[in-house]
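Have a look at target02.cif; it's mmCIF, C-alpha atoms:
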```cif
data_query
loop_
_atom_site.label_atom_id
_atom_site.label_comp_id
_atom_site.auth_asym_id
_atom_site.auth_seq_id
_atom_site.Cartn_x
_atom_site.Cartn_y
_atom_site.Cartn_z
CA ASN O 28 8.65 19.87 -9.80
CA ARG O 29 12.29 20.06 -8.75
CA PHE O 30 11.21 20.03 -5.10
CA LEU O 31 8.87 17.06 -5.58
CA CYS O 32 11.49 15.06 -7.47
CA ARG O 33 14.30 15.92 -5.06
CA GLU O 34 12.88 15.16 -1.60
CA LYS O 35 12.19 11.70 -0.17
CA PHE O 36 9.54 11.97 2.52
CA THR O 37 8.36 8.84 4.33
CA GLY O 38 5.92 7.84 7.03
CA TYR O 39 8.68 8.32 9.59
CA ASP O 40 8.94 12.00 8.65
CA LEU O 41 5.20 12.32 9.22
CA TYR O 42 5.49 10.65 12.62
CA LEU O 43 8.43 12.85 13.68
CA GLU O 44 6.54 16.05 12.84
CA ASN O 45 3.22 15.07 14.40
CA SER O 46 4.51 13.27 17.49
CA LYS O 47 5.51 16.70 18.85
CA GLU O 48 1.84 17.68 19.02
CA LEU O 49 0.42 14.46 20.51
CA ASN O 50 0.35 12.55 23.77
CA LEU O 51 1.78 9.27 22.52
CA VAL O 52 0.47 7.14 25.40
CA GLY O 53 -3.02 5.71 25.78
CA GLY O 54 -4.71 6.94 22.60
CA SER O 55 -6.49 5.28 19.69
CA ALA O 56 -4.73 4.24 16.46
CA SER O 57 -7.10 3.85 13.49
CA VAL O 58 -6.42 2.36 10.07
CA ASP O 59 -8.35 3.02 6.89
CA ASP O 60 -7.75 3.62 3.20
CA SER O 61 -9.19 6.00 0.65
CA VAL O 62 -9.09 6.24 -3.13
CA LEU O 63 -7.76 9.48 -4.59
CA ASP O 64 -9.71 9.94 -7.81
CA LYS O 65 -7.61 10.30 -10.98
CA PRO O 66 -10.20 9.64 -13.72
CA TYR O 67 -8.21 11.26 -16.52
CA SER O 68 -4.78 9.74 -15.80
CA ASN O 69 -3.33 6.87 -17.78
CA PRO O 70 -2.17 4.03 -15.50
CA GLU O 71 0.45 3.09 -18.10
CA HIS O 72 2.12 6.50 -17.81
CA ALA O 73 1.83 7.26 -14.09
CA VAL O 74 2.84 5.05 -11.16
CA PHE O 75 0.43 4.05 -8.35
CA ILE O 76 -2.63 4.72 -10.50
CA ASP O 77 -4.84 1.65 -10.88
CA TYR O 78 -8.42 0.51 -10.40
CA PHE O 79 -9.76 0.25 -6.84
CA TRP O 80 -13.11 -0.14 -5.15
CA SER O 81 -14.35 3.24 -3.89
CA GLY O 82 -16.77 3.53 -0.98
CA LYS O 83 -17.55 7.05 -2.14
CA HIS O 84 -18.63 6.00 -5.65
CA HIS O 85 -19.73 2.47 -4.68
CA LYS O 86 -17.90 1.04 -7.67
CA VAL O 87 -14.41 0.41 -9.02
CA VAL O 88 -12.73 3.67 -10.06
CA LYS O 89 -9.36 4.78 -11.36
CA GLY O 90 -7.11 6.41 -8.80
CA ILE O 91 -4.49 6.01 -6.07
CA ASN O 92 -5.14 4.01 -2.92
CA LEU O 93 -3.85 5.77 0.20
CA ILE O 94 -3.60 3.82 3.47
CA THR O 95 -3.31 5.87 6.66
CA LEU O 96 -2.68 5.17 10.33
CA PHE O 97 -4.46 7.92 12.26
CA TYR O 98 -3.98 8.64 15.97
CA VAL O 99 -6.35 10.25 18.47
CA ASP O 100 -4.70 10.98 21.81
CA VAL O 101 -6.34 11.05 25.24
CA THR O 102 -6.92 14.81 25.03
CA GLY O 103 -8.77 14.54 21.72
CA LYS O 104 -5.97 15.79 19.45
CA CYS O 105 -5.83 13.78 16.24
CA LEU O 106 -3.26 13.56 13.45
CA PRO O 107 -2.06 10.97 10.90
CA ILE O 108 1.13 9.24 12.03
CA ASN O 109 2.00 6.88 9.17
CA PHE O 110 0.93 6.26 5.59
CA ARG O 111 1.42 3.99 2.60
CA ILE O 112 0.56 4.32 -1.06
CA TYR O 113 -0.74 0.99 -2.31
CA ASP O 114 1.43 -0.27 -5.15
CA LYS O 115 0.28 -3.51 -6.77
CA ARG O 116 3.81 -4.09 -8.08
CA GLN O 117 4.98 -4.83 -4.51
CA ASN O 118 2.76 -7.91 -4.19
CA LYS O 119 1.57 -6.74 -0.76
CA THR O 120 -2.02 -6.47 0.43
CA LYS O 121 -3.48 -3.52 2.32
CA ASN O 122 -3.46 -5.74 5.40
CA ASP O 123 0.27 -6.34 4.97
CA HIS O 124 0.81 -2.59 4.87
CA PHE O 125 -1.34 -2.11 7.98
CA ARG O 126 0.68 -4.59 10.02
CA GLU O 127 3.92 -3.00 8.84
CA MET O 128 2.73 0.51 9.70
CA LEU O 129 1.54 -0.55 13.15
CA ALA O 130 4.82 -2.31 13.87
CA GLU O 131 6.72 0.81 12.77
CA VAL O 132 4.87 3.30 14.98
CA LEU O 133 5.21 0.98 17.98
CA LEU O 134 8.95 0.81 17.32
CA TRP O 135 9.10 4.62 16.98
CA GLY O 136 7.58 5.10 20.44
CA LEU O 137 3.79 5.20 20.08
CA GLN O 138 1.92 3.48 22.92
CA PRO O 139 -1.76 3.32 21.92
CA ALA O 140 -4.34 1.68 24.13
CA ILE O 141 -6.54 0.50 21.27
CA VAL O 142 -6.40 -0.13 17.52
CA THR O 143 -9.49 0.36 15.36
CA GLY O 144 -10.50 -0.33 11.76
CA ASP O 145 -13.35 -1.31 9.50
CA ALA O 146 -14.31 -4.83 8.40
CA TRP O 147 -11.63 -4.95 5.69
CA TYR O 148 -8.92 -5.00 8.37
CA SER O 149 -10.60 -7.46 10.76
CA GLY O 150 -8.94 -10.59 9.38
CA LEU O 151 -7.49 -13.17 11.75
CA LYS O 152 -3.91 -12.33 10.86
CA ASN O 153 -4.43 -8.69 11.84
CA LEU O 154 -6.27 -9.55 15.05
CA LYS O 155 -3.55 -11.97 16.13
CA HIS O 156 -0.88 -9.39 15.32
CA ILE O 157 -2.64 -6.85 17.55
CA ARG O 158 -3.05 -9.42 20.34
CA LYS O 159 0.64 -10.28 20.08
CA ASN O 160 1.41 -6.61 20.76
CA GLU O 161 -0.93 -6.66 23.79
CA LEU O 162 -3.31 -4.01 22.47
CA ASP O 163 -7.08 -3.70 22.68
CA PHE O 164 -9.03 -3.43 19.42
CA LEU O 165 -12.32 -2.45 17.80
CA PHE O 166 -13.12 -3.63 14.27
CA GLY O 167 -16.18 -3.86 12.13
CA ILE O 168 -16.93 -7.37 10.88
CA GLU O 169 -18.92 -8.77 7.99
CA ILE O 170 -22.30 -10.33 8.73
CA ASP O 171 -21.11 -13.83 7.77
CA ARG O 172 -18.27 -14.06 10.32
CA GLN O 173 -18.58 -17.27 12.32
CA VAL O 174 -19.03 -17.00 16.09
CA SER O 175 -19.93 -19.45 18.81
CA ILE O 176 -22.33 -18.86 21.68
CA GLU O 177 -22.55 -22.50 22.67
CA LYS O 178 -19.35 -24.55 22.62
CA GLY O 179 -19.03 -26.70 19.52
CA SER O 180 -21.54 -24.87 17.30
CA TYR O 181 -20.99 -21.83 15.08
CA ILE O 182 -23.44 -19.36 13.58
CA ARG O 183 -23.16 -16.22 11.51
CA VAL O 184 -22.89 -13.09 13.63
CA ASP O 185 -26.10 -11.70 12.11
CA GLN O 186 -27.96 -14.78 13.38
CA ILE O 187 -27.51 -13.79 17.02
CA ASP O 188 -30.98 -13.00 18.33
CA ASP O 189 -30.34 -11.18 21.58
CA PHE O 190 -28.10 -8.09 21.72
CA PRO O 191 -27.94 -6.41 25.16
CA SER O 192 -26.98 -2.73 25.18
CA ASN O 193 -23.49 -3.67 26.37
CA GLY O 194 -23.06 -6.25 23.62
CA ARG O 195 -22.35 -9.88 24.32
CA VAL O 196 -19.30 -12.08 24.65
CA VAL O 197 -18.89 -14.67 21.90
CA TYR O 198 -16.11 -16.92 20.63
CA LEU O 199 -14.79 -15.69 17.27
CA LYS O 200 -13.84 -18.68 15.17
CA GLU O 201 -10.09 -19.44 15.19
CA PHE O 202 -9.36 -16.43 17.41
CA GLY O 203 -10.94 -16.37 20.86
CA ASN O 204 -13.42 -14.49 23.00
CA VAL O 205 -14.52 -11.01 21.90
CA ARG O 206 -17.43 -8.73 22.73
CA VAL O 207 -19.71 -8.10 19.78
CA PHE O 208 -21.88 -5.01 19.33
CA ARG O 209 -24.63 -4.21 16.88
CA GLN O 210 -25.89 -0.82 15.75
CA ILE O 211 -28.14 0.33 12.97
CA PHE O 212 -26.82 2.51 10.15
CA LYS O 213 -28.93 3.56 7.15
CA ASN O 214 -31.61 0.98 8.02
CA THR O 215 -29.01 -1.81 8.12
CA TYR O 216 -27.36 -3.50 11.08
CA ARG O 217 -23.60 -3.24 11.35
CA TYR O 218 -21.55 -5.48 13.61
CA TYR O 219 -18.38 -4.70 15.57
CA ILE O 220 -16.05 -6.71 17.77
CA MET O 221 -13.98 -5.46 20.69
CA GLY O 222 -11.11 -7.38 22.20
CA VAL O 223 -8.75 -6.65 25.06
CA ALA O 224 -5.17 -7.56 25.81
CA LYS O 225 -6.22 -9.00 29.18
CA LEU O 226 -9.24 -11.29 28.75
CA ASP O 227 -10.36 -10.63 32.33
CA ASN O 228 -11.20 -7.07 31.23
CA LEU O 229 -13.59 -8.24 28.50
CA GLU O 230 -16.50 -8.11 30.95
CA LEU O 231 -15.69 -4.46 31.72
CA ILE O 232 -16.38 -3.25 28.17
CA THR O 233 -19.60 -1.22 28.11
CA HIS O 234 -21.61 0.43 25.38
CA ASP O 235 -20.14 3.80 26.39
CA ILE O 236 -16.61 2.45 25.87
CA PHE O 237 -17.64 1.06 22.49
CA ARG O 238 -19.30 4.33 21.47
CA LYS O 239 -16.23 6.39 22.40
CA ALA O 240 -13.87 4.07 20.50
CA HIS O 241 -16.18 4.13 17.47
CA ALA O 242 -16.38 7.95 17.58
CA ASN O 243 -12.58 8.19 17.64
CA HIS O 244 -12.36 5.86 14.64
CA TRP O 245 -14.85 7.98 12.69
CA LEU O 246 -12.38 10.91 12.79
CA ILE O 247 -10.29 9.19 10.10
CA GLU O 248 -13.27 9.51 7.76
CA THR O 249 -13.41 13.27 8.29
CA TYR O 250 -9.65 13.38 7.66
CA HIS O 251 -10.15 11.71 4.28
CA ARG O 252 -12.76 14.30 3.37
CA ALA O 253 -10.55 17.20 4.39
CA ILE O 254 -7.43 16.16 2.48
CA LYS O 255 -9.55 15.96 -0.69
CA GLN O 256 -11.69 19.06 -0.25
CA VAL O 257 -9.17 21.44 1.31
CA CYS O 258 -5.65 20.11 0.74
CA ASN O 259 -5.84 19.31 -3.01
CA ILE O 260 -4.34 15.85 -2.53
CA GLU O 261 -5.93 14.63 -5.78
CA LYS O 262 -4.60 17.52 -7.89
CA PHE O 263 -1.10 17.00 -9.29
CA GLN O 264 0.49 16.92 -12.72
CA VAL O 265 3.53 14.72 -12.05
CA ARG O 266 4.14 11.09 -13.02
CA ASN O 267 7.38 10.26 -11.25
CA THR O 268 7.14 7.84 -8.30
CA ARG O 269 8.99 10.08 -5.87
CA ALA O 270 7.16 13.21 -7.02
CA ILE O 271 3.72 11.67 -6.48
CA ARG O 272 4.72 10.32 -3.06
CA ASN O 273 6.09 13.72 -2.01
CA HIS O 274 2.98 15.54 -3.23
CA ILE O 275 0.77 13.24 -1.17
CA PHE O 276 3.01 13.70 1.88
CA CYS O 277 2.82 17.50 1.53
CA ALA O 278 -0.97 17.42 1.20
CA ILE O 279 -1.17 15.34 4.41
CA ARG O 280 1.14 17.82 6.16
CA ALA O 281 -1.11 20.66 4.99
CA PHE O 282 -4.02 18.94 6.74
CA CYS O 283 -1.88 18.56 9.87
CA LYS O 284 -1.16 22.30 9.89
CA LEU O 285 -4.87 23.07 9.63
CA GLU O 286 -5.76 20.58 12.36
CA ILE O 287 -3.10 22.01 14.70
CA MET O 288 -4.39 25.55 14.03
CA LYS O 289 -7.93 24.37 14.81
CA THR O 290 -6.77 22.67 18.03
CA LYS O 291 -5.04 25.90 19.10
CA GLN O 292 -8.22 27.85 18.22
CA MET O 293 -6.44 29.91 15.58
CA ILE O 294 -9.20 28.90 13.14
CA VAL O 295 -12.72 27.59 13.71
CA ASN O 296 -12.56 24.77 11.15
CA TRP O 297 -10.44 23.42 8.27
CA TYR O 298 -12.39 25.39 5.67
CA GLN O 299 -11.97 28.86 7.20
CA ILE O 300 -8.71 29.88 5.50
CA LYS O 301 -9.90 28.82 2.06
CA ARG O 302 -13.26 30.51 2.56
CA ASN O 303 -11.64 33.74 3.72
CA LEU O 304 -9.42 33.80 0.63
CA PHE O 305 -12.44 33.51 -1.64
CA ASN O 306 -14.44 36.05 0.40
CA GLU O 307 -11.78 38.70 -0.15
CA ILE O 308 -11.68 38.05 -3.89
CA ILE O 309 -15.47 38.04 -4.20
CA ALA O 310 -15.82 41.23 -2.14
CA SER O 311 -13.21 42.94 -4.31
CA PHE O 312 -15.00 41.82 -7.48
CA ILE O 313 -18.39 43.08 -6.24
CA LYS O 314 -16.83 46.39 -5.25
CA ASP O 315 -15.21 46.82 -8.67
CA GLN O 316 -18.45 45.91 -10.44
CA GLY O 317 -20.37 48.42 -8.33
CA ILE O 318 -17.93 51.20 -9.15
CA GLN O 319 -18.11 50.33 -12.83
CA LEU O 320 -21.92 50.46 -12.77
CA LEU O 321 -21.85 53.88 -11.12
CA LEU O 322 -19.40 55.20 -13.73
CA ASN O 323 -21.54 53.86 -16.56
CA ALA O 324 -24.64 55.45 -15.04
#
```

Here is a file; write its structure as structure tokens.
Amino acid sequence: NRFLCREKFTGYDLYLENSKELNLVGGSASVDDSVLDKPYSNPEHAVFIDYFWSGKHHKVVKGINLITLFYVDVTGKCLPINFRIYDKRQNKTKNDHFREMLAEVLLWGLQPAIVTGDAWYSGLKNLKHIRKNELDFLFGIEIDRQVSIEKGSYIRVDQIDDFPSNGRVVYLKEFGNVRVFRQIFKNTYRYYIMGVAKLDNLELITHDIFRKAHANHWLIETYHRAIKQVCNIEKFQVRNTRAIRNHIFCAIRAFCKLEIMKTKQMIVNWYQIKRNLFNEIIASFIKDQGIQLLLNA
């Protein structure tokens, strides 16, 4: 507790540690958020804890909302590079935090080629912010987003009839030309838009480019699973603002250590160390039980 209440870790500390392991030029920066379940905590007694929509539970749950900027470099190495804990007292939206985090990592020296996110982060303000920084992007969009195929008329994106394999160029209302893709997921169509810093390159975007960018973005989902299942990010007994923030930072750093070990082939996957610890304990228990049975016989 003294350690958690004493230190003051920030997103910059995370960037400084992980930038040593990454190629900072030409990669993919992904944004997403996840709810850390705290069903038994009292929001009146612990900071950051509130009610948020959870994609895992498909309902509003009690917990902490963690927003992460995750980077995949050109060699395939991937690590989180910035984070925020959503605090409703600050009167900022998750989109505000995203733009701040992106601006910070660009100032710190990151030079991504593309920014990705789900439909929550595909608002016009975010897209214009990315365009201002001359970056390409891939975002999911809701089915009711307005696009134009013929000048002067708008339709919902899910009303487009013809989708070539390489997507099609449309005009996104109040933004500009983008290439829209459609793919099926769990018997439902999902829609994505890709934009480029130089509009002349919009015609060069293929389905393979889209698929690679989407695959890189999906890695942030596996990161969310790992910090919960392996790094105990949801398990803490502190209430202090600084202590909670430091615990979350340390859990993220634990994931980074595991990911670096996996990249260097020191372990096969994130779960190996934990599994090996349990295997030793279980083997010792079985051995002791066997000896006891022989003695009793």

**OP:** Can you turn the PyMOL selection byres ((chain O and resi 143-159) around 7) into a concrete residue list for this file, as a ChimeraX atom specification?
**Re:** /O:56-59,122,126,141-142,160-162,164-169,202,224,244

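You will find atom CA of Ile287 of chain O at 25.1 Å from atom CA of Phe125 of chain O.
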
Sort by chain and increasing residue number a table of all residues of segment 101-168 of chain O within 9 Å of segment 258-282 of chain O, each with its closest pair of atoms and their distance in Å to one decimal, counting only C-alpha atoms, and write it as a tab-separated table.
```
residue	atom	partner	partner_atom	distance
O:Leu106	CA	O:Phe282	CA	8.6
O:Pro107	CA	O:Ile279	CA	7.9
O:Phe110	CA	O:Phe276	CA	8.6
O:Ile112	CA	O:Arg272	CA	7.6
```

Original post:
For Gly53 of chain O, which of O:Tyr67, O:Phe36, O:Tyr98, O:Phe79 is the closest residue, counting all atoms listed in the file?
Top reply: O:Tyr98

Just need the box for segment 118-130 of chain O, edges along x, y and z, holding every atom the file lists for it with 3 Å tacked onto each side, so centre and edge lengths in Å to one decimal, as lines of an AutoDock Vina configuration file.
```
center_x = 0.7
center_y = -3.7
center_z = 4.8
size_x = 14.3
size_y = 14.4
size_z = 24.1
```

Using the chain letters and numbers from the file, give me the residues hit by the PyMOL selection byres ((chain O and resi 75) around 8), as a short mmCIF file (atom, residue, chain, number, x, y, z; two decimals) with C-alpha atoms, in the coordinates of the input.
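What ended up in part.cif:
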```cif
data_model
loop_
_atom_site.label_atom_id
_atom_site.label_comp_id
_atom_site.auth_asym_id
_atom_site.auth_seq_id
_atom_site.Cartn_x
_atom_site.Cartn_y
_atom_site.Cartn_z
CA PRO O 70 -2.17 4.03 -15.50
CA ALA O 73 1.83 7.26 -14.09
CA VAL O 74 2.84 5.05 -11.16
CA ILE O 76 -2.63 4.72 -10.50
CA ASP O 77 -4.84 1.65 -10.88
CA GLY O 90 -7.11 6.41 -8.80
CA ILE O 91 -4.49 6.01 -6.07
CA ASN O 92 -5.14 4.01 -2.92
CA ILE O 112 0.56 4.32 -1.06
CA TYR O 113 -0.74 0.99 -2.31
CA ASP O 114 1.43 -0.27 -5.15
CA LYS O 115 0.28 -3.51 -6.77
CA THR O 268 7.14 7.84 -8.30
#
```

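Counting all atoms listed in the file and comparing O:Arg33, O:Lys225, O:Arg238, O:Arg302, the residue that lies closest to Arg209 of chain O is O:Arg238.
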
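Of the listed residues O:Cys105, O:Val197, O:Val132, O:Leu226, the one whose atoms come nearest to Lys178 of chain O is O:Val197, with distances taken using only C-alpha atoms.
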
**OP:** Enumerate, as a ChimeraX atom specification, the protein, DNA and RNA residues whose atoms approach (-2.4, 14.6, 26.5) to within 12 Å, taking into account all atoms listed in the file and the coordinate frame of the file.
**Re:** /O:46-54,99-105

Output C-alpha atoms for every residue in the selection just made, as a PDB file, in the coordinates of the input.
```pdb
ATOM      1  CA  SER O  46       4.510  13.270  17.490  1.00  0.00           C
ATOM      2  CA  LYS O  47       5.510  16.700  18.850  1.00  0.00           C
ATOM      3  CA  GLU O  48       1.840  17.680  19.020  1.00  0.00           C
ATOM      4  CA  LEU O  49       0.420  14.460  20.510  1.00  0.00           C
ATOM      5  CA  ASN O  50       0.350  12.550  23.770  1.00  0.00           C
ATOM      6  CA  LEU O  51       1.780   9.270  22.520  1.00  0.00           C
ATOM      7  CA  VAL O  52       0.470   7.140  25.400  1.00  0.00           C
ATOM      8  CA  GLY O  53      -3.020   5.710  25.780  1.00  0.00           C
ATOM      9  CA  GLY O  54      -4.710   6.940  22.600  1.00  0.00           C
ATOM     10  CA  VAL O  99      -6.350  10.250  18.470  1.00  0.00           C
ATOM     11  CA  ASP O 100      -4.700  10.980  21.810  1.00  0.00           C
ATOM     12  CA  VAL O 101      -6.340  11.050  25.240  1.00  0.00           C
ATOM     13  CA  THR O 102      -6.920  14.810  25.030  1.00  0.00           C
ATOM     14  CA  GLY O 103      -8.770  14.540  21.720  1.00  0.00           C
ATOM     15  CA  LYS O 104      -5.970  15.790  19.450  1.00  0.00           C
ATOM     16  CA  CYS O 105      -5.830  13.780  16.240  1.00  0.00           C
TER      17      CYS O 105
END
```

Original post:
If we count all atoms listed in the file, what is near Asp188 of chain O at a cut-off of 12 Å, once residues fewer than 5 positions away on the same chain are taken out, given as a PyMOL selection string?
Top reply: chain O and resi 176+182-183+194-195+209

Original post:
Expressed in Å to a single decimal, how great is the separation between atom CA of His124 of chain O and atom CA of Ile254 of chain O?
Top reply: 20.6 Å

**OP:** Using only C-alpha atoms, collect all residues at a distance of at most 12 Å from (-15.1, -7.5, 31.5) as written in the file, then present them as JSON, numbers by chain.
**Re:** {"O": [193, 194, 195, 196, 204, 205, 206, 221, 222, 223, 224, 225, 226, 227, 228, 229, 230, 231, 232, 233, 234, 236]}

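Atom CA of Gln210 of chain O sits 12.9 Å away from atom CA of Asp235 of chain O.
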
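Considering the residues O:Gly203, O:Tyr42, O:Lys255, O:Ala140 and counting all atoms listed in the file, Val62 of chain O has its shortest atom-to-atom contact with O:Lys255.
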
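Restricting the calculation to only C-alpha atoms, the smallest distance between Leu246 of chain O and any of O:Leu43, O:Leu63, O:Leu96, O:Ile309 is found for O:Leu96.
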
Original post:
O:Cys283, O:Glu44, O:Gly82, O:Lys89: which is nearest Lys65 of chain O, counting only C-alpha atoms?
Top reply: O:Lys89

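Here the PyMOL selection byres ((chain O and resi 185) around 7) matches the residues Ile170, Asp171, Arg183, Val184, Gln186 and Ile187 of chain O.
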
All residues 12 Å or closer to Ile300 of chain O, all atoms listed in the file, same chain fewer than 4 positions away omitted, as a compact mmCIF listing (two decimals) with C-alpha atoms, keeping the file's coordinate frame:
```txt
# COMPACT_ATOMS: atom_id res chain seq x y z
CA VAL O 257 -9.17 21.44 1.31
CA CYS O 258 -5.65 20.11 0.74
CA ALA O 281 -1.11 20.66 4.99
CA PHE O 282 -4.02 18.94 6.74
CA LYS O 284 -1.16 22.30 9.89
CA LEU O 285 -4.87 23.07 9.63
CA GLU O 286 -5.76 20.58 12.36
CA MET O 288 -4.39 25.55 14.03
CA LYS O 289 -7.93 24.37 14.81
CA MET O 293 -6.44 29.91 15.58
CA ILE O 294 -9.20 28.90 13.14
CA VAL O 295 -12.72 27.59 13.71
CA ASN O 296 -12.56 24.77 11.15
CA LEU O 304 -9.42 33.80 0.63
CA PHE O 305 -12.44 33.51 -1.64
CA ASN O 306 -14.44 36.05 0.40
CA GLU O 307 -11.78 38.70 -0.15
```

**OP:** Write out as a PyMOL selection string the residues lying within 12 Å of Lys83 of chain O, counting all atoms listed in the file and excluding same-chain residues fewer than 4 positions away.
**Re:** chain O and resi 60-64+79+87-88+248+251-252

Generate the coordinates of N, CA and C atoms for segment 257-282 of chain O; report them as a PDB file, keeping the file's coordinate frame.
```
ATOM      1  N   VAL O 257      -9.908  20.231   0.911  1.00  0.00           N
ATOM      2  CA  VAL O 257      -9.170  21.440   1.310  1.00  0.00           C
ATOM      3  C   VAL O 257      -7.701  21.396   0.904  1.00  0.00           C
ATOM      4  N   CYS O 258      -7.099  20.203   0.915  1.00  0.00           N
ATOM      5  CA  CYS O 258      -5.650  20.110   0.740  1.00  0.00           C
ATOM      6  C   CYS O 258      -5.208  19.702  -0.659  1.00  0.00           C
ATOM      7  N   ASN O 259      -6.164  19.562  -1.596  1.00  0.00           N
ATOM      8  CA  ASN O 259      -5.840  19.310  -3.010  1.00  0.00           C
ATOM      9  C   ASN O 259      -4.965  18.073  -3.222  1.00  0.00           C
ATOM     10  N   ILE O 260      -5.190  17.030  -2.430  1.00  0.00           N
ATOM     11  CA  ILE O 260      -4.340  15.850  -2.530  1.00  0.00           C
ATOM     12  C   ILE O 260      -4.504  15.140  -3.869  1.00  0.00           C
ATOM     13  N   GLU O 261      -5.673  15.316  -4.516  1.00  0.00           N
ATOM     14  CA  GLU O 261      -5.930  14.630  -5.780  1.00  0.00           C
ATOM     15  C   GLU O 261      -5.429  15.422  -6.989  1.00  0.00           C
ATOM     16  N   LYS O 262      -4.954  16.645  -6.773  1.00  0.00           N
ATOM     17  CA  LYS O 262      -4.600  17.520  -7.890  1.00  0.00           C
ATOM     18  C   LYS O 262      -3.082  17.631  -8.035  1.00  0.00           C
ATOM     19  N   PHE O 263      -2.528  16.901  -8.975  1.00  0.00           N
ATOM     20  CA  PHE O 263      -1.100  17.000  -9.290  1.00  0.00           C
ATOM     21  C   PHE O 263      -0.892  16.639 -10.749  1.00  0.00           C
ATOM     22  N   GLN O 264       0.215  17.129 -11.293  1.00  0.00           N
ATOM     23  CA  GLN O 264       0.490  16.920 -12.720  1.00  0.00           C
ATOM     24  C   GLN O 264       1.789  16.160 -12.940  1.00  0.00           C
ATOM     25  N   VAL O 265       2.258  15.445 -11.931  1.00  0.00           N
ATOM     26  CA  VAL O 265       3.530  14.720 -12.050  1.00  0.00           C
ATOM     27  C   VAL O 265       3.267  13.224 -12.231  1.00  0.00           C
ATOM     28  N   ARG O 266       4.262  12.524 -12.777  1.00  0.00           N
ATOM     29  CA  ARG O 266       4.140  11.090 -13.020  1.00  0.00           C
ATOM     30  C   ARG O 266       5.198  10.274 -12.291  1.00  0.00           C
ATOM     31  N   ASN O 267       6.261  10.928 -11.903  1.00  0.00           N
ATOM     32  CA  ASN O 267       7.380  10.260 -11.250  1.00  0.00           C
ATOM     33  C   ASN O 267       6.968   9.686  -9.893  1.00  0.00           C
ATOM     34  N   THR O 268       7.492   8.503  -9.556  1.00  0.00           N
ATOM     35  CA  THR O 268       7.140   7.840  -8.300  1.00  0.00           C
ATOM     36  C   THR O 268       7.412   8.726  -7.094  1.00  0.00           C
ATOM     37  N   ARG O 269       8.621   9.254  -7.016  1.00  0.00           N
ATOM     38  CA  ARG O 269       8.990  10.080  -5.870  1.00  0.00           C
ATOM     39  C   ARG O 269       8.165  11.355  -5.825  1.00  0.00           C
ATOM     40  N   ALA O 270       7.913  11.959  -6.975  1.00  0.00           N
ATOM     41  CA  ALA O 270       7.160  13.210  -7.020  1.00  0.00           C
ATOM     42  C   ALA O 270       5.734  13.017  -6.518  1.00  0.00           C
ATOM     43  N   ILE O 271       5.092  11.936  -6.935  1.00  0.00           N
ATOM     44  CA  ILE O 271       3.720  11.670  -6.480  1.00  0.00           C
ATOM     45  C   ILE O 271       3.710  11.420  -4.976  1.00  0.00           C
ATOM     46  N   ARG O 272       4.656  10.622  -4.497  1.00  0.00           N
ATOM     47  CA  ARG O 272       4.720  10.320  -3.060  1.00  0.00           C
ATOM     48  C   ARG O 272       4.930  11.601  -2.256  1.00  0.00           C
ATOM     49  N   ASN O 273       5.808  12.471  -2.727  1.00  0.00           N
ATOM     50  CA  ASN O 273       6.090  13.720  -2.010  1.00  0.00           C
ATOM     51  C   ASN O 273       4.891  14.671  -2.044  1.00  0.00           C
ATOM     52  N   HIS O 274       4.174  14.705  -3.167  1.00  0.00           N
ATOM     53  CA  HIS O 274       2.980  15.540  -3.230  1.00  0.00           C
ATOM     54  C   HIS O 274       1.956  15.080  -2.200  1.00  0.00           C
ATOM     55  N   ILE O 275       1.734  13.768  -2.119  1.00  0.00           N
ATOM     56  CA  ILE O 275       0.770  13.240  -1.170  1.00  0.00           C
ATOM     57  C   ILE O 275       1.208  13.534   0.268  1.00  0.00           C
ATOM     58  N   PHE O 276       2.496  13.376   0.551  1.00  0.00           N
ATOM     59  CA  PHE O 276       3.010  13.700   1.880  1.00  0.00           C
ATOM     60  C   PHE O 276       2.746  15.169   2.214  1.00  0.00           C
ATOM     61  N   CYS O 277       3.007  16.071   1.273  1.00  0.00           N
ATOM     62  CA  CYS O 277       2.820  17.500   1.530  1.00  0.00           C
ATOM     63  C   CYS O 277       1.354  17.848   1.742  1.00  0.00           C
ATOM     64  N   ALA O 278       0.463  17.188   1.008  1.00  0.00           N
ATOM     65  CA  ALA O 278      -0.970  17.420   1.200  1.00  0.00           C
ATOM     66  C   ALA O 278      -1.399  16.958   2.602  1.00  0.00           C
ATOM     67  N   ILE O 279      -0.857  15.827   3.054  1.00  0.00           N
ATOM     68  CA  ILE O 279      -1.170  15.340   4.410  1.00  0.00           C
ATOM     69  C   ILE O 279      -0.633  16.320   5.448  1.00  0.00           C
ATOM     70  N   ARG O 280       0.568  16.839   5.224  1.00  0.00           N
ATOM     71  CA  ARG O 280       1.140  17.820   6.160  1.00  0.00           C
ATOM     72  C   ARG O 280       0.317  19.107   6.167  1.00  0.00           C
ATOM     73  N   ALA O 281      -0.247  19.477   5.033  1.00  0.00           N
ATOM     74  CA  ALA O 281      -1.110  20.660   4.990  1.00  0.00           C
ATOM     75  C   ALA O 281      -2.322  20.446   5.900  1.00  0.00           C
ATOM     76  N   PHE O 282      -2.907  19.239   5.834  1.00  0.00           N
ATOM     77  CA  PHE O 282      -4.020  18.940   6.740  1.00  0.00           C
ATOM     78  C   PHE O 282      -3.565  19.056   8.196  1.00  0.00           C
TER      79      PHE O 282
END
```
